[in-house]
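**Q** What follows is entry.cif, mmCIF, C-alpha atoms.
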```cif
data_final
loop_
_atom_site.label_atom_id
_atom_site.label_comp_id
_atom_site.auth_asym_id
_atom_site.auth_seq_id
_atom_site.Cartn_x
_atom_site.Cartn_y
_atom_site.Cartn_z
CA MET X 112 0.00 0.00 0.00
CA ARG X 113 1.35 3.41 -1.01
CA VAL X 114 0.56 6.20 1.46
CA ILE X 115 1.60 9.83 1.60
CA ILE X 116 1.67 11.84 4.79
CA MET X 117 1.18 15.53 3.96
CA ILE X 118 2.52 18.45 6.00
CA SER X 119 3.09 22.11 5.15
CA SER X 120 6.78 21.92 6.10
CA LEU X 121 9.06 20.34 8.68
CA ALA X 122 9.02 23.24 11.11
CA MET X 123 10.02 22.65 14.74
CA ALA X 124 6.57 22.05 16.22
CA GLY X 125 4.63 19.28 17.93
CA THR X 126 2.84 17.80 14.92
CA GLU X 127 6.00 17.79 12.85
CA ARG X 128 8.05 16.19 15.62
CA ASN X 129 5.47 13.43 15.96
CA ILE X 130 5.46 12.76 12.21
CA VAL X 131 9.24 12.45 12.11
CA SER X 132 9.13 10.08 15.09
CA VAL X 133 6.25 7.85 14.03
CA ALA X 134 6.93 7.60 10.28
CA PRO X 135 9.53 4.78 10.55
CA TYR X 136 7.13 2.81 12.74
CA ILE X 137 4.34 3.19 10.16
CA LYS X 138 6.75 2.05 7.45
CA ALA X 139 7.59 -0.98 9.60
CA GLN X 140 3.90 -1.96 9.39
CA GLY X 141 4.49 -2.80 5.73
CA ILE X 142 3.37 0.57 4.37
CA ASP X 143 5.17 2.10 1.36
CA LEU X 144 5.29 5.52 3.02
CA ARG X 145 6.27 8.89 1.56
CA LEU X 146 6.15 12.47 2.84
CA VAL X 147 4.74 15.29 0.72
CA SER X 148 5.36 18.86 1.89
CA MET X 149 3.96 22.12 0.59
CA ASN X 150 7.37 23.85 0.70
CA THR X 151 10.65 23.97 2.62
CA ARG X 152 10.54 27.61 3.72
CA ARG X 153 9.94 26.84 7.39
CA ASP X 154 12.07 23.69 7.57
CA SER X 155 14.00 23.13 10.79
CA PRO X 156 16.60 20.54 11.85
CA LEU X 157 13.70 18.09 11.76
CA ALA X 158 14.20 17.99 7.97
CA ASP X 159 17.64 16.42 8.39
CA GLU X 160 16.29 14.06 11.04
CA PHE X 161 13.53 12.95 8.67
CA ALA X 162 16.00 12.52 5.81
CA SER X 163 17.96 10.08 7.98
CA THR X 164 14.92 7.75 8.08
CA GLY X 165 15.31 7.01 4.36
CA ILE X 166 11.63 7.67 3.73
CA PRO X 167 11.22 9.60 0.45
CA ARG X 168 10.09 13.23 0.56
CA PHE X 169 8.45 15.02 -2.35
CA ASP X 170 8.23 18.80 -1.99
CA LEU X 171 5.61 20.71 -3.98
CA ALA X 172 7.54 24.01 -3.77
CA ALA X 173 4.22 25.82 -3.36
CA LYS X 174 4.44 29.60 -3.19
CA ARG X 175 0.97 29.78 -1.67
CA MET X 176 -2.01 27.52 -1.09
CA THR X 177 -3.52 28.61 -4.42
CA ASP X 178 -0.35 27.85 -6.40
CA LEU X 179 -1.75 26.07 -9.50
CA LYS X 180 1.65 24.74 -10.56
CA ALA X 181 2.08 23.12 -7.15
CA TRP X 182 -1.39 21.61 -7.48
CA GLN X 183 -0.45 20.17 -10.87
CA ARG X 184 2.77 18.70 -9.44
CA PHE X 185 0.69 17.15 -6.66
CA THR X 186 -1.90 15.51 -8.91
CA ASP X 187 0.81 14.32 -11.32
CA TYR X 188 2.61 12.71 -8.38
CA LEU X 189 -0.56 10.99 -7.12
CA ARG X 190 -1.23 9.47 -10.54
CA ALA X 191 2.37 8.55 -11.39
CA GLU X 192 3.03 6.89 -8.02
CA LYS X 193 -0.43 5.28 -7.80
CA ILE X 194 -0.96 6.55 -4.27
CA ASP X 195 -3.54 4.56 -2.32
CA VAL X 196 -4.16 6.86 0.67
CA ILE X 197 -3.53 10.55 1.44
CA HIS X 198 -3.06 11.46 5.11
CA ALA X 199 -3.23 15.25 5.61
CA GLN X 200 -2.02 16.91 8.80
CA ASP X 201 -2.66 20.67 8.75
CA GLN X 202 -4.73 23.41 7.12
CA ASP X 203 -3.11 23.66 3.68
CA THR X 204 -2.66 19.92 3.24
CA ILE X 205 -6.19 19.18 4.45
CA ILE X 206 -7.54 21.48 1.73
CA PHE X 207 -5.22 19.91 -0.91
CA GLY X 208 -6.19 16.42 0.23
CA ALA X 209 -9.92 17.15 0.05
CA LEU X 210 -9.57 18.53 -3.48
CA ALA X 211 -7.61 15.44 -4.56
CA HIS X 212 -10.34 13.24 -3.10
CA HIS X 213 -12.94 15.00 -5.26
CA ARG X 214 -10.88 15.35 -8.45
CA ILE X 215 -9.06 12.01 -8.49
CA GLY X 216 -10.93 9.87 -5.98
CA THR X 217 -7.91 9.02 -3.82
CA PRO X 218 -8.99 7.78 -0.38
CA THR X 219 -8.20 10.37 2.29
CA VAL X 220 -7.73 10.69 6.04
CA MET X 221 -6.98 13.84 8.01
CA SER X 222 -5.59 14.28 11.49
CA ARG X 223 -7.05 16.79 13.93
CA HIS X 224 -4.24 17.91 16.24
CA VAL X 225 -5.97 20.92 17.84
CA LEU X 226 -9.17 21.77 19.66
CA PHE X 227 -9.59 24.98 17.73
CA GLU X 228 -7.73 27.02 15.13
CA PRO X 229 -6.94 30.74 15.23
CA ALA X 230 -9.70 32.82 13.65
CA ASP X 231 -8.81 36.33 14.77
CA THR X 232 -8.51 37.73 11.25
CA MET X 233 -10.74 37.41 8.20
CA ARG X 234 -8.12 35.24 6.49
CA GLU X 235 -7.74 32.94 9.49
CA ASN X 236 -11.50 32.66 9.86
CA MET X 237 -11.90 31.76 6.18
CA ARG X 238 -9.22 29.07 6.35
CA ALA X 239 -10.71 27.59 9.53
CA LYS X 240 -14.10 27.32 7.80
CA MET X 241 -12.46 25.71 4.76
CA VAL X 242 -10.97 23.02 7.02
CA LEU X 243 -14.41 22.24 8.47
CA THR X 244 -15.94 22.00 4.98
CA ALA X 245 -13.07 19.78 3.84
CA ALA X 246 -13.57 17.50 6.83
CA ARG X 247 -17.27 17.11 6.07
CA ARG X 248 -16.99 16.54 2.33
CA GLY X 249 -13.45 15.57 1.40
CA PHE X 250 -12.33 12.86 3.83
CA ASP X 251 -13.19 9.24 4.45
CA LYS X 252 -11.96 9.35 8.05
CA VAL X 253 -10.70 11.83 10.62
CA ILE X 254 -8.08 10.90 13.21
CA ALA X 255 -8.45 12.79 16.50
CA VAL X 256 -5.43 12.85 18.82
CA SER X 257 -7.66 12.51 21.90
CA GLU X 258 -11.23 11.57 22.73
CA ALA X 259 -11.79 15.17 23.83
CA VAL X 260 -10.75 16.36 20.35
CA ARG X 261 -12.99 13.70 18.76
CA GLN X 262 -16.06 14.85 20.66
CA ASP X 263 -15.32 18.53 20.09
CA PHE X 264 -14.59 18.20 16.37
CA SER X 265 -17.73 16.17 15.75
CA GLN X 266 -19.82 19.09 16.97
CA LEU X 267 -17.65 21.80 15.42
CA ALA X 268 -17.59 20.24 11.95
CA ASP X 269 -21.09 18.76 12.25
CA ILE X 270 -19.95 15.26 11.31
CA SER X 271 -20.81 11.90 12.82
CA LEU X 272 -18.66 10.46 15.56
CA ASP X 273 -18.51 7.30 13.46
CA LYS X 274 -16.35 9.18 10.95
CA ILE X 275 -13.79 10.13 13.61
CA GLU X 276 -11.39 7.73 15.33
CA THR X 277 -9.16 8.51 18.28
CA VAL X 278 -5.53 7.52 17.80
CA TYR X 279 -3.23 8.82 20.52
CA ASN X 280 0.07 10.34 19.48
CA GLY X 281 2.94 8.18 20.62
CA LEU X 282 6.22 9.00 22.30
CA ASP X 283 9.72 7.55 22.33
CA ILE X 284 9.20 6.33 25.91
CA ASP X 285 12.75 5.01 26.36
CA ARG X 286 14.22 8.49 25.80
CA PHE X 287 12.57 9.69 29.02
CA MET X 288 13.54 6.73 31.17
CA VAL X 289 16.73 8.22 32.59
CA ASP X 290 18.77 5.86 34.77
CA THR X 291 21.00 8.53 36.37
CA PRO X 292 20.18 9.02 40.09
CA LYS X 293 18.23 12.17 40.93
CA ALA X 294 20.95 13.44 43.28
CA THR X 295 23.57 13.12 40.53
CA LEU X 296 21.40 15.05 38.09
CA ARG X 297 20.73 17.80 40.61
CA GLU X 298 24.42 18.17 41.26
CA LYS X 299 24.97 18.45 37.52
CA PHE X 300 22.32 21.19 37.22
CA GLY X 301 23.39 22.99 40.39
CA TRP X 302 20.05 22.33 42.10
CA ASP X 303 19.67 21.99 45.86
CA THR X 304 19.50 18.29 46.69
CA ASP X 305 16.93 18.90 49.44
CA ALA X 306 14.65 21.18 47.41
CA ARG X 307 11.20 20.05 46.32
CA ILE X 308 11.20 20.75 42.59
CA ILE X 309 8.11 21.52 40.49
CA THR X 310 8.81 21.69 36.76
CA MET X 311 6.71 23.22 34.00
CA VAL X 312 7.58 22.58 30.36
CA ALA X 313 5.70 24.95 28.07
CA ALA X 314 6.24 27.66 25.50
CA LEU X 315 6.23 31.14 26.99
CA ARG X 316 3.07 32.25 25.26
CA ARG X 317 -0.53 33.05 26.07
CA GLY X 318 -2.79 30.22 27.09
CA LYS X 319 -0.23 28.09 28.93
CA GLY X 320 -1.33 29.36 32.35
CA HIS X 321 1.94 30.65 33.75
CA GLU X 322 -0.01 33.41 35.52
CA VAL X 323 -2.16 30.77 37.27
CA LEU X 324 0.96 29.04 38.57
CA PHE X 325 2.38 32.37 39.77
CA ASP X 326 -0.84 33.02 41.72
CA ALA X 327 -0.35 29.64 43.42
CA VAL X 328 3.23 30.36 44.51
CA PRO X 329 2.52 32.11 47.85
CA LYS X 330 0.43 29.20 49.14
CA ILE X 331 3.02 26.67 47.92
CA LYS X 332 5.89 28.59 49.48
CA GLU X 333 4.10 28.88 52.82
CA ALA X 334 3.35 25.15 53.00
CA VAL X 335 6.63 23.91 51.48
CA PRO X 336 9.39 26.44 52.21
CA ASN X 337 12.00 24.49 50.21
CA ALA X 338 9.82 24.33 47.08
CA HIS X 339 11.27 25.65 43.84
CA ILE X 340 9.73 25.98 40.37
CA MET X 341 11.71 25.38 37.18
CA LEU X 342 10.23 26.80 33.97
CA ILE X 343 11.46 25.25 30.72
CA GLY X 344 10.67 26.91 27.41
CA ASP X 345 10.81 30.15 25.47
CA GLY X 346 8.38 32.13 23.38
CA GLU X 347 7.03 35.37 22.04
CA ILE X 348 5.96 36.83 25.40
CA ALA X 349 8.95 35.64 27.41
CA GLU X 350 9.74 39.08 28.80
CA GLN X 351 6.14 39.67 29.86
CA ILE X 352 6.00 36.35 31.70
CA LYS X 353 9.37 36.99 33.36
CA THR X 354 8.06 40.34 34.58
CA GLN X 355 4.97 38.64 36.02
CA ALA X 356 7.22 36.16 37.84
CA GLN X 357 9.54 38.81 39.29
CA PRO X 358 7.81 39.00 42.72
CA HIS X 359 8.56 35.29 43.14
CA SER X 360 12.12 35.30 41.81
CA ASP X 361 13.34 33.50 44.94
CA VAL X 362 11.16 30.52 44.04
CA ILE X 363 11.06 30.56 40.23
CA THR X 364 13.92 29.90 37.80
CA PHE X 365 13.65 30.27 34.02
CA LEU X 366 15.75 27.63 32.27
CA GLY X 367 14.94 28.65 28.69
CA GLN X 368 14.68 26.27 25.75
CA ARG X 369 16.45 23.01 26.58
CA THR X 370 17.45 19.85 24.74
CA ASP X 371 17.95 17.85 27.96
CA VAL X 372 14.30 17.77 29.06
CA PRO X 373 14.36 14.04 29.96
CA GLU X 374 17.15 14.65 32.48
CA LEU X 375 15.47 17.78 33.84
CA LEU X 376 12.26 15.83 34.43
CA ALA X 377 14.18 13.00 36.09
CA ALA X 378 15.71 15.55 38.48
CA SER X 379 12.27 16.93 39.45
CA ASP X 380 9.61 15.87 41.95
CA ALA X 381 6.44 16.87 40.07
CA LEU X 382 5.30 18.43 36.82
CA THR X 383 2.54 20.97 36.40
CA LEU X 384 0.60 22.09 33.34
CA PRO X 385 -1.89 24.90 34.19
CA SER X 386 -2.93 25.48 30.56
CA TRP X 387 -6.21 27.00 29.46
CA ALA X 388 -6.46 24.78 26.35
CA GLU X 389 -4.72 21.67 24.98
CA ALA X 390 -5.57 18.90 22.51
CA LEU X 391 -3.31 16.11 23.79
CA PRO X 392 -0.58 17.62 26.01
CA THR X 393 2.52 15.63 25.10
CA VAL X 394 4.40 16.95 28.13
CA LEU X 395 2.13 14.90 30.40
CA ILE X 396 3.13 11.77 28.47
CA GLU X 397 6.80 12.78 28.76
CA ALA X 398 6.46 13.31 32.50
CA GLY X 399 4.74 9.96 32.91
CA ALA X 400 7.54 8.24 31.00
CA ALA X 401 9.98 9.96 33.38
CA GLY X 402 8.04 8.61 36.37
CA LEU X 403 6.72 12.00 37.48
CA PRO X 404 3.26 12.67 38.92
CA CYS X 405 1.50 15.61 37.28
CA VAL X 406 -0.95 18.31 38.27
CA SER X 407 -2.74 19.46 35.14
CA THR X 408 -5.78 21.53 34.35
CA ASP X 409 -8.81 19.73 32.94
CA VAL X 410 -8.28 20.69 29.30
CA GLY X 411 -8.55 18.61 26.12
CA GLY X 412 -7.11 15.15 26.54
CA ALA X 413 -5.24 15.88 29.79
CA LYS X 414 -7.37 13.55 31.90
CA GLU X 415 -6.95 10.83 29.28
CA ILE X 416 -3.25 10.84 30.18
CA THR X 417 -3.22 11.83 33.86
CA LEU X 418 -5.72 9.87 35.93
CA ASP X 419 -6.98 12.06 38.76
CA GLY X 420 -5.93 10.71 42.14
CA ASP X 421 -4.05 7.79 40.59
CA THR X 422 -1.17 9.08 38.43
CA GLY X 423 -1.53 12.73 39.42
CA TYR X 424 -4.26 15.31 39.80
CA ILE X 425 -6.62 17.20 37.50
CA VAL X 426 -7.82 20.67 38.52
CA PRO X 427 -10.17 23.23 36.92
CA PRO X 428 -8.54 25.77 34.57
CA GLY X 429 -7.70 29.01 36.34
CA ASP X 430 -8.10 27.59 39.87
CA SER X 431 -4.78 28.62 41.40
CA ASP X 432 -5.90 27.59 44.92
CA MET X 433 -6.62 23.98 43.92
CA LEU X 434 -3.49 23.91 41.78
CA ALA X 435 -1.47 24.92 44.87
CA GLU X 436 -3.23 22.40 47.09
CA ARG X 437 -2.58 19.48 44.75
CA LEU X 438 1.07 20.41 44.22
CA ILE X 439 1.52 20.77 48.00
CA THR X 440 0.00 17.30 48.46
CA LEU X 441 2.60 15.82 46.11
CA LEU X 442 5.52 17.73 47.63
CA GLN X 443 4.59 16.85 51.22
CA ALA X 444 4.12 13.14 50.52
CA PRO X 445 7.16 12.09 48.47
CA ASP X 446 6.57 8.35 48.82
CA GLU X 447 3.00 8.56 47.51
CA ALA X 448 4.12 10.98 44.80
CA GLU X 449 6.77 8.50 43.68
CA ALA X 450 4.17 5.71 43.61
CA MET X 451 1.90 7.91 41.49
CA GLY X 452 4.82 8.55 39.16
CA GLN X 453 5.45 4.84 38.74
CA ARG X 454 1.78 4.26 37.91
CA ALA X 455 2.01 7.11 35.39
CA ARG X 456 4.98 5.39 33.76
CA GLU X 457 3.08 2.10 33.54
CA ARG X 458 0.13 3.87 31.94
CA VAL X 459 2.02 5.78 29.25
CA THR X 460 4.21 2.77 28.47
CA LYS X 461 1.07 0.77 27.76
CA THR X 462 -0.97 3.42 25.94
CA PHE X 463 1.10 6.21 24.40
CA THR X 464 3.78 4.47 22.35
CA LEU X 465 4.88 5.09 18.78
CA GLU X 466 4.27 1.41 18.07
CA ASN X 467 0.62 1.73 19.13
CA GLN X 468 0.12 4.88 17.09
CA ALA X 469 1.68 3.30 13.99
CA ARG X 470 -0.26 0.06 14.28
CA GLU X 471 -3.62 1.81 14.70
CA THR X 472 -2.86 4.29 11.91
CA ALA X 473 -1.81 1.56 9.47
CA ALA X 474 -4.97 -0.42 10.27
CA LEU X 475 -7.07 2.64 9.49
CA TYR X 476 -5.25 3.05 6.14
CA GLU X 477 -6.14 -0.55 5.30
CA ARG X 478 -9.80 -0.02 6.10
CA ILE X 479 -10.01 3.15 4.02
CA ALA X 480 -8.20 1.69 1.02
CA SER X 481 -10.34 -1.44 0.95
CA SER X 482 -13.72 0.25 1.49
#
```
As structure tokens, how would this structure be written, given the file I've shared?

**A**
Amino acid sequence: MRVIIMISSLAMAGTERNIVSVAPYIKAQGIDLRLVSMNTRRDSPLADEFASTGIPRFDLAAKRMTDLKAWQRFTDYLRAEKIDVIHAQDQDTIIFGALAHHRIGTPTVMSRHVLFEPADTMRENMRAKMVLTAARRGFDKVIAVSEAVRQDFSQLADISLDKIETVYNGLDIDRFMVDTPKATLREKFGWDTDARIITMVAALRRGKGHEVLFDAVPKIKEAVPNAHIMLIGDGEIAEQIKTQAQPHSDVITFLGQRTDVPELLAASDALTLPSWAEALPTVLIEAGAAGLPCVSTDVGGAKEITLDGDTGYIVPPGDSDMLAERLITLLQAPDEAEAMGQRARERVTKTFTLENQARETAALYERIASS
């Protein structure tokens, strides 16, 4: 079976990282897999990483979504290579895929990676509506990355739940199973061995809930005087967030963008994600693989990863008091927190693997192609 995964480019973002990671596993399912990109303008080091997989990439060199020459290259490629299934991943490729379904009849599947798309401008609003129309009329199946996304998209696009299947994104679990002792890692990072460390891994941008965590700091500090918060990530409002955190500079440290996240998680005691919106927060899977209990807001698929009271805690978005209380519970009961972390590891190892994602995705391709 010949399948193309379509993506706008190989930018450094969550969807793209997952594609690069899972593609070899899909190929291993016996799929003749190729990648088709709209252009290379936003390519990141992920492009080199993907090239190392040996999976062919065909770039359309599209100047814009309405580039007719790129469309011709695309349809010529579909016919010449006798492609059996198109799997589109984002706005532009979803629209291209839907058109190909109508013009050529190629079976199509799209992935829904988000709960909602930006629609602040007329252009963004138009493109968001085009995606919904494409989902209704141009695709045989929709893959939702969480059950929360599945339920939400069914209502948003006005399509039957039967047309949407949940396939969880997988993770390279072994990468986050760090064997180095916590004390050794803390010495390496210059962290106090006796501190109780809360880590948050998130881009410094609106919607991630940093301000909610900052509101929780006084209560945490009063109950756990040796608590410290490590913030990993960077983003477009970094300076604004750092200014908001300034009154708590004795408790909060900004670590910036890091490539050693598995080790940083292994050196921590708990992870928090106070976001206002998520589809399937990968960081909760990463923390579980690292054996960390999490306190997350009840957004998107968060509670499909973190089981409240079992592998961590789920709190309402914006509730800084409950966020503080649950983090304090973990920090004051290290043995129970460690047990929760081990249960989290068992859960993600069973459910959120690249092998599972590839197997379920390949099975869906087979069903679409044979229907």

**Q** Could you state which residues are captured by the PyMOL selection byres ((chain X and resi 248) around 12) in this file, as a list of chain:residue names?

**A**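 On the file shown, the PyMOL selection byres ((chain X and resi 248) around 12) covers X:Ile205, X:Ile206, X:Gly208, X:Ala209, X:Leu210, X:Ala211, X:His212, X:His213, X:Thr219, X:Val220, X:Met221, X:Met241, X:Val242, X:Leu243, X:Thr244, X:Ala245, X:Ala246, X:Arg247, X:Gly249, X:Phe250, X:Asp251, X:Lys252, X:Val253, X:Ala268, X:Asp269, X:Ile270, X:Lys274.
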
**Q** Which residue gives the smallest distance to Ala294 (chain X) among X:Glu160, X:Glu477, X:Asp380, X:Asp432, with only C-alpha atoms counted?

**A**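 For Ala294 (chain X), the nearest of the given residues is X:Asp380.
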
**Q** Find the spatial neighbours of Trp387 (chain X), counting all atoms listed in the file, within a cut-off of 8 Å - ignore same-chain residues fewer than 2 positions away - and output them as number ranges by chain.

**A** X: 318-320, 385, 389, 408, 410, 428-429

**Q** Using all atoms listed in the file, which of X:Met149, X:Val328, X:Ile340, X:Ala450 sits nearest Trp182 (chain X)?

**A** X:Met149

**Q** On this structure, the PyMOL selection byres ((chain X and resi 454) around 9) would catch which residues? List them as a PDB file with C-alpha atoms, in the frame of the given file, sorted by chain and number.

**A**
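Result file follows (out33.pdb):
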```pdb
ATOM      1  CA  GLY X 399       4.740   9.960  32.910  1.00  0.00           C
ATOM      2  CA  GLY X 402       8.040   8.610  36.370  1.00  0.00           C
ATOM      3  CA  PRO X 404       3.260  12.670  38.920  1.00  0.00           C
ATOM      4  CA  ASP X 421      -4.050   7.790  40.590  1.00  0.00           C
ATOM      5  CA  THR X 422      -1.170   9.080  38.430  1.00  0.00           C
ATOM      6  CA  GLU X 449       6.770   8.500  43.680  1.00  0.00           C
ATOM      7  CA  ALA X 450       4.170   5.710  43.610  1.00  0.00           C
ATOM      8  CA  MET X 451       1.900   7.910  41.490  1.00  0.00           C
ATOM      9  CA  GLY X 452       4.820   8.550  39.160  1.00  0.00           C
ATOM     10  CA  GLN X 453       5.450   4.840  38.740  1.00  0.00           C
ATOM     11  CA  ALA X 455       2.010   7.110  35.390  1.00  0.00           C
ATOM     12  CA  ARG X 456       4.980   5.390  33.760  1.00  0.00           C
ATOM     13  CA  GLU X 457       3.080   2.100  33.540  1.00  0.00           C
ATOM     14  CA  ARG X 458       0.130   3.870  31.940  1.00  0.00           C
ATOM     15  CA  VAL X 459       2.020   5.780  29.250  1.00  0.00           C
TER      16      VAL X 459
END
```

**Q** Please write the residues picked by the PyMOL selection byres ((chain X and resi 193-200) around 10) on this file as a PyMOL selection string.

**A** chain X and resi 112-119+126-127+130+143-147+187-192+201-209+211-212+216-224+250+252-254+472+476-477+479-481

**Q** Smallest atom-to-atom distance to Glu228 (chain X): which of X:Val394, X:Asp159, X:Ala388, X:Thr277, using only C-alpha atoms?

**A**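 Closest to Glu228 (chain X) of all the choices is X:Ala388.
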
**Q** Quick one: residues within 8 Å of Lys414 (chain X), only C-alpha atoms counted, chain neighbours fewer than 5 positions away excluded, as a ChimeraX atom specification?

**A** /X:409,419,425

**Q** Any chance you can output those residues with C-alpha atoms as an mmCIF file, in the coordinates of the input?

**A**
```cif
data_model
loop_
_atom_site.group_PDB
_atom_site.id
_atom_site.type_symbol
_atom_site.label_atom_id
_atom_site.label_comp_id
_atom_site.auth_asym_id
_atom_site.auth_seq_id
_atom_site.Cartn_x
_atom_site.Cartn_y
_atom_site.Cartn_z
ATOM 1 C CA ASP X 409 -8.810 19.730 32.940
ATOM 2 C CA ASP X 419 -6.980 12.060 38.760
ATOM 3 C CA ILE X 425 -6.620 17.200 37.500
#
```

**Q** For CA of Ala173 (chain X) and CA of Leu475 (chain X), determine how far apart the two atoms are, in Å to one decimal place.

**A** 28.8 Å
